[in-house]
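Asks: Sharing entry.cif, mmCIF, C-alpha atoms and all ligand atoms:
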data_upload
#
loop_
_atom_site.group_PDB
_atom_site.id
_atom_site.type_symbol
_atom_site.label_atom_id
_atom_site.label_comp_id
_atom_site.auth_asym_id
_atom_site.auth_seq_id
_atom_site.Cartn_x
_atom_site.Cartn_y
_atom_site.Cartn_z
ATOM 1 C CA MET V 16 0.000 0.000 0.000
ATOM 2 C CA ALA V 17 1.275 3.426 -0.928
ATOM 3 C CA TRP V 18 -1.175 6.245 -0.398
ATOM 4 C CA HIS V 19 -0.485 9.437 -2.315
ATOM 5 C CA GLN V 20 -2.285 12.705 -1.661
ATOM 6 C CA VAL V 21 -3.554 13.908 -5.038
ATOM 7 C CA ALA V 22 -6.287 16.504 -4.525
ATOM 8 C CA ASN V 23 -8.608 18.295 -2.182
ATOM 9 C CA ALA V 24 -11.990 16.587 -2.096
ATOM 10 C CA ASN V 25 -13.759 19.824 -3.061
ATOM 11 C CA GLU V 26 -11.667 19.962 -6.255
ATOM 12 C CA VAL V 27 -13.308 16.774 -7.528
ATOM 13 C CA PRO V 28 -16.741 17.662 -8.916
ATOM 14 C CA GLU V 29 -19.495 15.315 -9.981
ATOM 15 C CA GLU V 30 -20.248 14.590 -13.645
ATOM 16 C CA GLU V 31 -16.729 15.125 -14.925
ATOM 17 C CA ALA V 32 -13.457 13.301 -14.405
ATOM 18 C CA THR V 33 -10.519 15.040 -12.756
ATOM 19 C CA PRO V 34 -7.025 14.088 -13.986
ATOM 20 C CA VAL V 35 -4.229 13.582 -11.458
ATOM 21 C CA THR V 36 -0.856 11.888 -11.623
ATOM 22 C CA VAL V 37 1.074 9.708 -9.199
ATOM 23 C CA GLY V 38 4.612 9.555 -10.499
ATOM 24 C CA LYS V 39 4.103 8.617 -14.149
ATOM 25 C CA THR V 40 0.715 7.016 -13.556
ATOM 26 C CA MET V 41 -2.168 9.001 -15.011
ATOM 27 C CA ILE V 42 -5.339 8.597 -12.968
ATOM 28 C CA ALA V 43 -8.855 9.948 -13.436
ATOM 29 C CA LEU V 44 -10.889 10.714 -10.308
ATOM 30 C CA VAL V 45 -14.667 10.640 -10.548
ATOM 31 C CA ARG V 46 -17.048 11.571 -7.777
ATOM 32 C CA ILE V 47 -20.372 9.803 -7.389
ATOM 33 C CA GLY V 48 -22.086 11.385 -4.397
ATOM 34 C CA GLU V 49 -19.779 11.244 -1.381
ATOM 35 C CA GLN V 50 -17.578 8.580 -2.940
ATOM 36 C CA ILE V 51 -14.586 9.278 -5.194
ATOM 37 C CA TYR V 52 -13.280 6.554 -7.493
ATOM 38 C CA GLY V 53 -9.905 6.286 -9.183
ATOM 39 C CA MET V 54 -9.202 4.656 -12.534
ATOM 40 C CA SER V 55 -6.597 4.757 -15.242
ATOM 41 C CA ASP V 56 -6.882 8.020 -17.152
ATOM 42 C CA VAL V 57 -5.732 6.247 -20.323
ATOM 43 C CA CYS V 58 -8.219 4.203 -22.311
ATOM 44 C CA THR V 59 -7.348 0.524 -22.840
ATOM 45 C CA HIS V 60 -8.211 0.742 -26.555
ATOM 46 C CA GLN V 61 -5.922 3.474 -27.884
ATOM 47 C CA PHE V 62 -4.467 6.636 -26.384
ATOM 48 C CA ALA V 63 -7.277 8.815 -25.155
ATOM 49 C CA LEU V 64 -7.771 10.452 -21.793
ATOM 50 C CA MET V 65 -10.787 9.280 -19.871
ATOM 51 C CA SER V 66 -10.742 12.644 -18.076
ATOM 52 C CA ASP V 67 -11.754 14.156 -21.439
ATOM 53 C CA GLY V 68 -14.631 11.681 -21.568
ATOM 54 C CA TYR V 69 -18.246 11.831 -20.603
ATOM 55 C CA VAL V 70 -19.572 10.752 -17.200
ATOM 56 C CA ASP V 71 -23.051 9.244 -17.367
ATOM 57 C CA GLY V 72 -24.375 7.959 -14.052
ATOM 58 C CA ASP V 73 -21.951 5.281 -12.853
ATOM 59 C CA CYS V 74 -20.248 4.913 -16.247
ATOM 60 C CA ILE V 75 -17.632 6.917 -18.118
ATOM 61 C CA GLU V 76 -17.366 7.024 -21.889
ATOM 62 C CA CYS V 77 -14.106 7.381 -23.785
ATOM 63 C CA PRO V 78 -14.036 10.556 -25.899
ATOM 64 C CA LEU V 79 -12.352 8.870 -28.880
ATOM 65 C CA HIS V 80 -14.406 5.760 -29.796
ATOM 66 C CA GLN V 81 -16.988 5.753 -27.011
ATOM 67 C CA ALA V 82 -15.995 2.642 -25.053
ATOM 68 C CA ARG V 83 -17.945 2.682 -21.783
ATOM 69 C CA PHE V 84 -16.579 1.615 -18.414
ATOM 70 C CA HIS V 85 -18.205 1.129 -15.012
ATOM 71 C CA ILE V 86 -16.640 3.773 -12.752
ATOM 72 C CA PRO V 87 -16.500 1.781 -9.469
ATOM 73 C CA THR V 88 -15.002 -1.361 -11.048
ATOM 74 C CA GLY V 89 -13.460 -0.293 -14.372
ATOM 75 C CA GLU V 90 -15.455 -3.034 -16.071
ATOM 76 C CA HIS V 91 -16.021 -2.587 -19.801
ATOM 77 C CA ARG V 92 -19.744 -1.975 -20.321
ATOM 78 C CA GLY V 93 -20.176 -1.357 -24.024
ATOM 79 C CA GLY V 94 -19.123 0.539 -27.085
ATOM 80 C CA GLN V 95 -15.725 -0.157 -28.640
ATOM 81 C CA PRO V 96 -14.544 -3.623 -27.462
ATOM 82 C CA CYS V 97 -11.464 -3.378 -25.218
ATOM 83 C CA ALA V 98 -10.108 -4.469 -21.853
ATOM 84 C CA ASN V 99 -11.362 -3.262 -18.487
ATOM 85 C CA LEU V 100 -9.849 -0.100 -17.041
ATOM 86 C CA GLN V 101 -7.480 -0.469 -14.114
ATOM 87 C CA THR V 102 -8.899 1.004 -10.928
ATOM 88 C CA PHE V 103 -7.107 2.393 -7.891
ATOM 89 C CA PRO V 104 -8.280 2.494 -4.265
ATOM 90 C CA VAL V 105 -9.199 5.999 -3.097
ATOM 91 C CA LYS V 106 -9.715 7.315 0.424
ATOM 92 C CA ILE V 107 -10.734 10.726 1.723
ATOM 93 C CA GLU V 108 -9.301 11.964 5.013
ATOM 94 C CA ASP V 109 -9.742 15.505 6.334
ATOM 95 C CA ASP V 110 -11.054 16.565 2.898
ATOM 96 C CA LEU V 111 -7.892 15.334 1.200
ATOM 97 C CA VAL V 112 -8.026 12.660 -1.501
ATOM 98 C CA TYR V 113 -5.469 9.852 -1.446
ATOM 99 C CA VAL V 114 -4.885 7.252 -4.155
ATOM 100 C CA ASP V 115 -3.193 3.916 -3.558
ATOM 101 C CA SER V 116 -0.727 3.477 -6.387
ATOM 102 C CA ASP V 117 2.840 2.168 -6.442
HETATM 103 S S1 LIG V 201 -9.378 5.119 -27.455
HETATM 104 FE FE1 LIG V 201 -10.981 4.767 -26.041
HETATM 105 S S2 LIG V 201 -12.440 3.669 -27.192
HETATM 106 FE FE2 LIG V 201 -10.812 3.986 -28.607
#
Represent the structure of the file as structure tokens.
Ligand code: FES
Replies:
Amino acid sequence: MAWHQVANANEVPEEEATPVTVGKTMIALVRIGEQIYGMSDVCTHQFALMSDGYVDGDCIECPLHQARFHIPTGEHRGGQPCANLQTFPVKIEDDLVYVDSD
């Protein structure tokens, strides 16, 4: 486990993904209610940033070819066939957002 502070919780709005980096790892944060989820910011199909994508309920859609992924699990849910997105554990402490990433 390696928790990295990446944002203030109030900097992570709903309905859009917020890009952060941990070292060279590009991560997209998405808030659903009180919960913030972390996933790879790079699509598994080709190079596109999920943080430029479209959040729709509990799914996020890639801006390039519209693959859809389940935000809490990274599971591929439709559109362009490709692998699931990697997800990262997120915790909020004292209004600070931490991501577990090596
Ligand atoms: S790059 Fe994301 S669906 Fe093609």
Asks: With distances taken over all atoms listed in the file, which residue among V:Cys58, V:Ile75, V:Val70, V:Ile107 lies nearest ligand LIG 201 (chain V)?
Replies: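 Checking each candidate against ligand LIG 201 (chain V), we get V:Cys58 as the closest.
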Asks: Sorted by chain and rising residue number, list the residues of chain V at most 7 Å from ligand LIG 201 (chain V) (counting only C-alpha atoms and all ligand atoms), each with its closest atom pair and distance in Å to one decimal, as CSV.
Replies:
residue,atom,partner,partner_atom,distance
V:Cys58,CA,V:LIG201,FE1,4.7
V:Thr59,CA,V:LIG201,FE1,6.4
V:His60,CA,V:LIG201,S1,4.6
V:Gln61,CA,V:LIG201,S1,3.9
V:Phe62,CA,V:LIG201,S1,5.3
V:Ala63,CA,V:LIG201,S1,4.8
V:Cys77,CA,V:LIG201,FE1,4.7
V:Pro78,CA,V:LIG201,FE1,6.5
V:Leu79,CA,V:LIG201,S1,5.0
V:His80,CA,V:LIG201,S2,3.9
V:Gln81,CA,V:LIG201,S2,5.0
V:Ala82,CA,V:LIG201,S2,4.3
V:Gln95,CA,V:LIG201,S2,5.2
Asks: I'd like the interatomic distance between CA of Val35 (chain V) and CA of Cys97 (chain V), to a tenth of an Å.
Replies: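 If I compute the distance from CA of Val35 (chain V) to CA of Cys97 (chain V), I get 23.0 Å.
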Asks: Residues proximal to (-16.2, 12.2, -12.7) were defined as those with any atom within 12 Å of that point in the file's coordinates, counting only C-alpha atoms. Which are they, as a ChimeraX atom specification?
Replies: /V:26-34,42-54,56,65-76,85-87
Asks: Would you please work out which residue, of V:Ala22, V:Ser55, V:Val114, V:Pro104, is nearest to Glu90 (chain V) when using all atoms listed in the file?
Replies: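 Using all atoms listed in the file, the shortest distance to Glu90 (chain V) belongs to V:Ser55.
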Asks: Using the file's own x, y and z axes, what box holds all listed atoms of region 18-35 of chain V with 3 Å on each side, keeping edges along x, y and z, and what are its centre and edge lengths in Å to one decimal, as JSON?
Replies:
{"center_x": -10.4, "center_y": 13.1, "center_z": -7.7, "size_x": 25.8, "size_y": 19.7, "size_z": 20.5}
Asks: Which residue out of V:Leu100, V:Leu64, V:Ala17, V:Leu111 has the minimum interatomic distance to Val37 (chain V) when all atoms listed in the file are used?
Replies: V:Ala17
Asks: Would you please work out which residue, of V:His91, V:Thr40, V:Phe103, V:Gln20, is nearest to Asp115 (chain V) when using all atoms listed in the file?
Replies: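 Ranked by minimum distance to Asp115 (chain V), first place goes to V:Phe103.
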Asks: Could you state the separation of CA of Tyr113 (chain V) and CA of Thr36 (chain V) in Å, given to one decimal place?
Replies: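 If I compute the distance from CA of Tyr113 (chain V) to CA of Thr36 (chain V), I get 11.4 Å.
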Asks: Mind pulling up the distance from CA of Trp18 (chain V) to CA of Gly38 (chain V)?
Replies: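 CA of Trp18 (chain V) lies at a distance of 12.1 Å from CA of Gly38 (chain V).
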